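What follows is a single structure, written as structure tokens, with notes after it.
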Amino acid sequence: MSTQPNMVVGQSRAARWAFNGSVLFLCLWVLVPIYLLLSNALSAPSEVTAFPKKLVPSFDTESVEFFLYFHGVGKALWSSIKVAFITMIMSILIGAPAGYALSRFDFRGKNAFRILVLMTRAFPLPLLALPMAVMFIRVGLDDTIFGLAIVHTTLALPFAVLITYSLFSGIPIELEEAAWTLGCNRVQAFIKVIFPLVLPGIAASAIFAFVVSWNEVFAAAVLTIDNRTLPAFLLQSLDDAPLHLKFAGGAVMVLPALIFIFLVRKYLFAMWGIANR
């Protein structure tokens with residue numbers, strides 16, 4: 001009789017170790033590449049290829065300073081910021097109403113529409129690059145910030161729709177109905193009752209759209225020349241550059257996104273509480 005409690009305790013302990021091990025593995029999977037990137041970016045050029053490597057870099061900023069003052073980096077960085085913010089705004093303005101409609105209304109083809117939203121990600125971007133470039137040239141959107149933001153919005157929109165759909169589905173419709181009985185119309189009920197509850201999740205969806213735009217390189221390289229974003233500029237300028245400059249460029253590329261996510265991290269954490277209701 002005493003063996004059964006021991007077995008339960010053993011299984012619980014094994015499950016706890018498996019969970020902790022999985023969390024540790026995921027943390028290392030994310031943090032180790034970031035550490036290696038920043039460590040090499042802040043090392044002297046001779047230390048980048050040295051072996052064995054030091055755990056603590058020498059904090060030599062020569063490579064980063066050279067890259068930052070390189071001609072065109074500032075303009076490319078500013079273009080990336082503008083494109084990412086436009087993409088973030090358009091993704092929410094289009095994706096949030098679509099997610100609300102999917103969660104609150106029943107219509108013919110609703111499930112098929114949800115599948116079609118995901119199917120837009122099934123077409124590889126290189127396959128669409130040539131017809132997109134021709135179309136953008138004809139309508140005058142080639143090599144423009146807004147034209148590239150439209151492409152990035154198309155990439156981020158499926159996830160924005162599905163994330164906001166899950167958020168709105170987690171809010172009981174009885175809350176809106178209670179607001180209707182108190183004199184609010186549908187718009188007022190949404191603004192006063194629903195929107196404050198889903199704001200953290202919408203912010204998290206906007207963060208995802210920002211990161212998608214910030215990291216995208218293929219469309220930016222194909223559709224822009226003078227208004228290249230930072231990833232496209234790095235792809236063009238650092239192809240034959242020394243290794244230490246590549247690490248410096250990667251660090252400059254990664255660091256703003258990390259800072260942005262850190263500043264709005266509370267919305268990411270709050271999203272899980274809404275989505276799991």
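Order determines the names: the first chain of the structure tokens is A, the second B, and so forth; residues in each chain are numbered 1 upward, and ligands are numbered 1 upward as they are shown.
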Residue contacts of segment 225-236 of chain A (10 Å, only C-alpha atoms) excluding same-chain residues fewer than 6 positions away, as a PDB file with N, CA and C atoms, in the first residue's frame:
```pdb
ATOM      1  N   GLY A  72      24.966  55.407 -44.821  1.00  0.00           N
ATOM      2  CA  GLY A  72      23.702  54.766 -45.150  1.00  0.00           C
ATOM      3  C   GLY A  72      23.053  54.016 -44.009  1.00  0.00           C
ATOM      4  N   VAL A  73      23.787  53.764 -42.922  1.00  0.00           N
ATOM      5  CA  VAL A  73      23.227  52.990 -41.816  1.00  0.00           C
ATOM      6  C   VAL A  73      22.109  53.761 -41.119  1.00  0.00           C
ATOM      7  N   GLY A  74      22.342  55.037 -40.836  1.00  0.00           N
ATOM      8  CA  GLY A  74      21.329  55.837 -40.154  1.00  0.00           C
ATOM      9  C   GLY A  74      20.031  55.925 -40.943  1.00  0.00           C
ATOM     10  N   LYS A  75      20.146  56.132 -42.248  1.00  0.00           N
ATOM     11  CA  LYS A  75      18.955  56.214 -43.093  1.00  0.00           C
ATOM     12  C   LYS A  75      18.215  54.885 -43.129  1.00  0.00           C
ATOM     13  N   ALA A  76      18.968  53.767 -43.232  1.00  0.00           N
ATOM     14  CA  ALA A  76      18.338  52.446 -43.259  1.00  0.00           C
ATOM     15  C   ALA A  76      17.656  52.136 -41.934  1.00  0.00           C
ATOM     16  N   LEU A  77      18.288  52.531 -40.824  1.00  0.00           N
ATOM     17  CA  LEU A  77      17.690  52.313 -39.507  1.00  0.00           C
ATOM     18  C   LEU A  77      16.389  53.091 -39.365  1.00  0.00           C
ATOM     19  N   TRP A  78      16.376  54.339 -39.805  1.00  0.00           N
ATOM     20  CA  TRP A  78      15.170  55.157 -39.747  1.00  0.00           C
ATOM     21  C   TRP A  78      14.078  54.589 -40.645  1.00  0.00           C
ATOM     22  N   SER A  79      14.441  54.058 -41.809  1.00  0.00           N
ATOM     23  CA  SER A  79      13.461  53.431 -42.702  1.00  0.00           C
ATOM     24  C   SER A  79      12.851  52.200 -42.053  1.00  0.00           C
ATOM     25  N   SER A  80      13.670  51.391 -41.369  1.00  0.00           N
ATOM     26  CA  SER A  80      13.154  50.211 -40.673  1.00  0.00           C
ATOM     27  C   SER A  80      12.149  50.604 -39.601  1.00  0.00           C
ATOM     28  N   ILE A  81      12.466  51.651 -38.846  1.00  0.00           N
ATOM     29  CA  ILE A  81      11.563  52.098 -37.785  1.00  0.00           C
ATOM     30  C   ILE A  81      10.234  52.566 -38.366  1.00  0.00           C
ATOM     31  N   LYS A  82      10.287  53.357 -39.434  1.00  0.00           N
ATOM     32  CA  LYS A  82       9.050  53.864 -40.040  1.00  0.00           C
ATOM     33  C   LYS A  82       8.206  52.730 -40.614  1.00  0.00           C
ATOM     34  N   VAL A  83       8.839  51.819 -41.332  1.00  0.00           N
ATOM     35  CA  VAL A  83       8.090  50.705 -41.928  1.00  0.00           C
ATOM     36  C   VAL A  83       7.471  49.826 -40.843  1.00  0.00           C
ATOM     37  N   ALA A  84       8.223  49.559 -39.783  1.00  0.00           N
ATOM     38  CA  ALA A  84       7.725  48.692 -38.710  1.00  0.00           C
ATOM     39  C   ALA A  84       6.535  49.331 -37.997  1.00  0.00           C
ATOM     40  N   ASP A 142       6.720  51.407 -55.799  1.00  0.00           N
ATOM     41  CA  ASP A 142       8.046  50.813 -55.712  1.00  0.00           C
ATOM     42  C   ASP A 142       9.006  51.775 -55.022  1.00  0.00           C
ATOM     43  N   ASP A 143       9.899  51.208 -54.219  1.00  0.00           N
ATOM     44  CA  ASP A 143      10.911  51.955 -53.483  1.00  0.00           C
ATOM     45  C   ASP A 143      10.288  53.037 -52.596  1.00  0.00           C
ATOM     46  N   THR A 144       9.180  52.710 -51.937  1.00  0.00           N
ATOM     47  CA  THR A 144       8.547  53.635 -50.999  1.00  0.00           C
ATOM     48  C   THR A 144       8.361  52.948 -49.642  1.00  0.00           C
ATOM     49  N   ILE A 145       8.339  53.751 -48.601  1.00  0.00           N
ATOM     50  CA  ILE A 145       8.125  53.230 -47.254  1.00  0.00           C
ATOM     51  C   ILE A 145       6.741  52.606 -47.135  1.00  0.00           C
ATOM     52  N   LEU A 148       6.358  49.161 -48.994  1.00  0.00           N
ATOM     53  CA  LEU A 148       6.966  48.054 -48.252  1.00  0.00           C
ATOM     54  C   LEU A 148       6.147  47.725 -47.014  1.00  0.00           C
ATOM     55  N   SER A 213       7.944  42.858 -39.245  1.00  0.00           N
ATOM     56  CA  SER A 213       8.421  43.870 -40.183  1.00  0.00           C
ATOM     57  C   SER A 213       9.899  44.166 -39.971  1.00  0.00           C
ATOM     58  N   TRP A 214      10.321  44.242 -38.724  1.00  0.00           N
ATOM     59  CA  TRP A 214      11.705  44.600 -38.424  1.00  0.00           C
ATOM     60  C   TRP A 214      12.685  43.562 -38.961  1.00  0.00           C
ATOM     61  N   ASN A 215      12.306  42.291 -38.940  1.00  0.00           N
ATOM     62  CA  ASN A 215      13.217  41.223 -39.340  1.00  0.00           C
ATOM     63  C   ASN A 215      13.100  40.839 -40.812  1.00  0.00           C
ATOM     64  N   GLU A 216      12.076  41.313 -41.516  1.00  0.00           N
ATOM     65  CA  GLU A 216      11.872  40.893 -42.906  1.00  0.00           C
ATOM     66  C   GLU A 216      12.951  41.491 -43.808  1.00  0.00           C
ATOM     67  N   VAL A 217      13.489  40.672 -44.699  1.00  0.00           N
ATOM     68  CA  VAL A 217      14.602  41.130 -45.531  1.00  0.00           C
ATOM     69  C   VAL A 217      14.349  40.940 -47.024  1.00  0.00           C
ATOM     70  N   PHE A 218      13.606  39.898 -47.420  1.00  0.00           N
ATOM     71  CA  PHE A 218      13.520  39.587 -48.845  1.00  0.00           C
ATOM     72  C   PHE A 218      12.742  40.655 -49.602  1.00  0.00           C
ATOM     73  N   ALA A 219      11.540  40.983 -49.130  1.00  0.00           N
ATOM     74  CA  ALA A 219      10.738  42.002 -49.813  1.00  0.00           C
ATOM     75  C   ALA A 219      11.437  43.353 -49.790  1.00  0.00           C
ATOM     76  N   LYS A 246      30.267  42.130 -39.352  1.00  0.00           N
ATOM     77  CA  LYS A 246      28.999  41.409 -39.467  1.00  0.00           C
ATOM     78  C   LYS A 246      28.351  41.236 -38.099  1.00  0.00           C
ATOM     79  N   GLY A 249      26.948  44.623 -37.110  1.00  0.00           N
ATOM     80  CA  GLY A 249      25.695  44.887 -37.805  1.00  0.00           C
ATOM     81  C   GLY A 249      24.544  44.068 -37.254  1.00  0.00           C
ATOM     82  N   GLY A 250      24.809  42.801 -36.929  1.00  0.00           N
ATOM     83  CA  GLY A 250      23.766  41.970 -36.332  1.00  0.00           C
ATOM     84  C   GLY A 250      23.320  42.495 -34.987  1.00  0.00           C
ATOM     85  N   VAL A 252      23.448  45.653 -33.938  1.00  0.00           N
ATOM     86  CA  VAL A 252      22.659  46.868 -34.179  1.00  0.00           C
ATOM     87  C   VAL A 252      21.267  46.505 -34.670  1.00  0.00           C
ATOM     88  N   MET A 253      21.157  45.419 -35.389  1.00  0.00           N
ATOM     89  CA  MET A 253      19.853  44.978 -35.891  1.00  0.00           C
ATOM     90  C   MET A 253      18.983  44.394 -34.778  1.00  0.00           C
TER      91      MET A 253
END
```
Using only C-alpha atoms, I'd like a table of the residues in segment 138-164 of chain A that come within 9 Å of segment 86-97 of chain A; for each, show the closest atom pair and its distance in Å rounded to one decimal, ordered by chain and ascending number, as a Markdown table.
```
| residue | atom | partner | partner_atom | distance |
| --- | --- | --- | --- | --- |
| A:Ile145 | CA | A:Ile86 | CA | 8.8 |
| A:Phe146 | CA | A:Ile86 | CA | 7.6 |
| A:Leu148 | CA | A:Thr87 | CA | 8.8 |
| A:Ala149 | CA | A:Thr87 | CA | 5.2 |
| A:Ile150 | CA | A:Thr87 | CA | 7.0 |
| A:Val151 | CA | A:Thr87 | CA | 8.6 |
| A:His152 | CA | A:Thr87 | CA | 6.1 |
| A:Thr153 | CA | A:Thr87 | CA | 5.0 |
| A:Thr154 | CA | A:Ser91 | CA | 8.1 |
| A:Ala156 | CA | A:Ser91 | CA | 6.7 |
| A:Leu157 | CA | A:Ser91 | CA | 5.4 |
| A:Pro158 | CA | A:Gly95 | CA | 7.6 |
| A:Phe159 | CA | A:Gly95 | CA | 8.3 |
| A:Ala160 | CA | A:Gly95 | CA | 5.2 |
| A:Val161 | CA | A:Gly95 | CA | 4.4 |
| A:Leu162 | CA | A:Gly95 | CA | 8.2 |
| A:Ile163 | CA | A:Ala96 | CA | 8.7 |
| A:Thr164 | CA | A:Ala96 | CA | 5.6 |
```
Residues from the last selection, C-alpha atoms, saved as a CSV table (one decimal), in the first residue's frame:
```
chain,number,residue,atom,x,y,z
A,145,ILE,CA,8.1,53.2,-47.3
A,146,PHE,CA,4.4,52.8,-47.5
A,148,LEU,CA,7.0,48.1,-48.3
A,149,ALA,CA,4.7,48.5,-45.2
A,150,ILE,CA,1.8,47.1,-47.2
A,151,VAL,CA,3.8,43.9,-47.9
A,152,HIS,CA,4.9,43.6,-44.3
A,153,THR,CA,1.3,44.1,-43.2
A,154,THR,CA,0.2,41.3,-45.5
A,156,ALA,CA,1.7,40.0,-40.2
A,157,LEU,CA,-2.0,40.2,-40.8
A,158,PRO,CA,-2.9,36.5,-40.5
A,159,PHE,CA,-1.4,36.3,-37.1
A,160,ALA,CA,-3.0,39.6,-36.0
A,161,VAL,CA,-6.4,38.3,-37.1
A,162,LEU,CA,-6.1,34.9,-35.3
A,163,ILE,CA,-4.6,36.4,-32.1
A,164,THR,CA,-7.3,39.0,-31.8
```
Self-check item: Contacts of Val198 of chain A at 7 Å (only C-alpha atoms; same-chain gap of 4+ positions) as an MDAnalysis selection string
Solution: chainID A and resid 167 194 202
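For segment 129-136 of chain A, the set of protein, DNA and RNA residues having any atom at most 8 Å away, when counting only C-alpha atoms and skipping those fewer than 3 positions along the same chain, is Leu125, Pro126, Val139, Gly140, Leu141, Asp142, Gly147, Ala219, Val222 and Leu223 of chain A.
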Exercise. Record the distance separating atom CA of Phe208 of chain A and atom CA of Gly99 of chain A, expressed in Å with one decimal.
Key: 15.5 Å
Quiz item: So which bits of segment 11-116 of chain A end up alpha helix (DSSP H) when you DSSP the backbone, as a count of residues only?
Solution: 81
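The shortest atom-to-atom distance to Leu238 of chain A, with only C-alpha atoms taken into account, belongs to A:Phe67 out of A:Cys184, A:Phe67, A:Leu36, A:Ala178.
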Quiz item: Hey, which of A:Val212, A:Val117, A:Asn111, A:Thr49 ends up closest to Phe85 of chain A? Count only C-alpha atoms.
Solution: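 When distances to Phe85 of chain A are compared using only C-alpha atoms, the smallest one comes from A:Val212.
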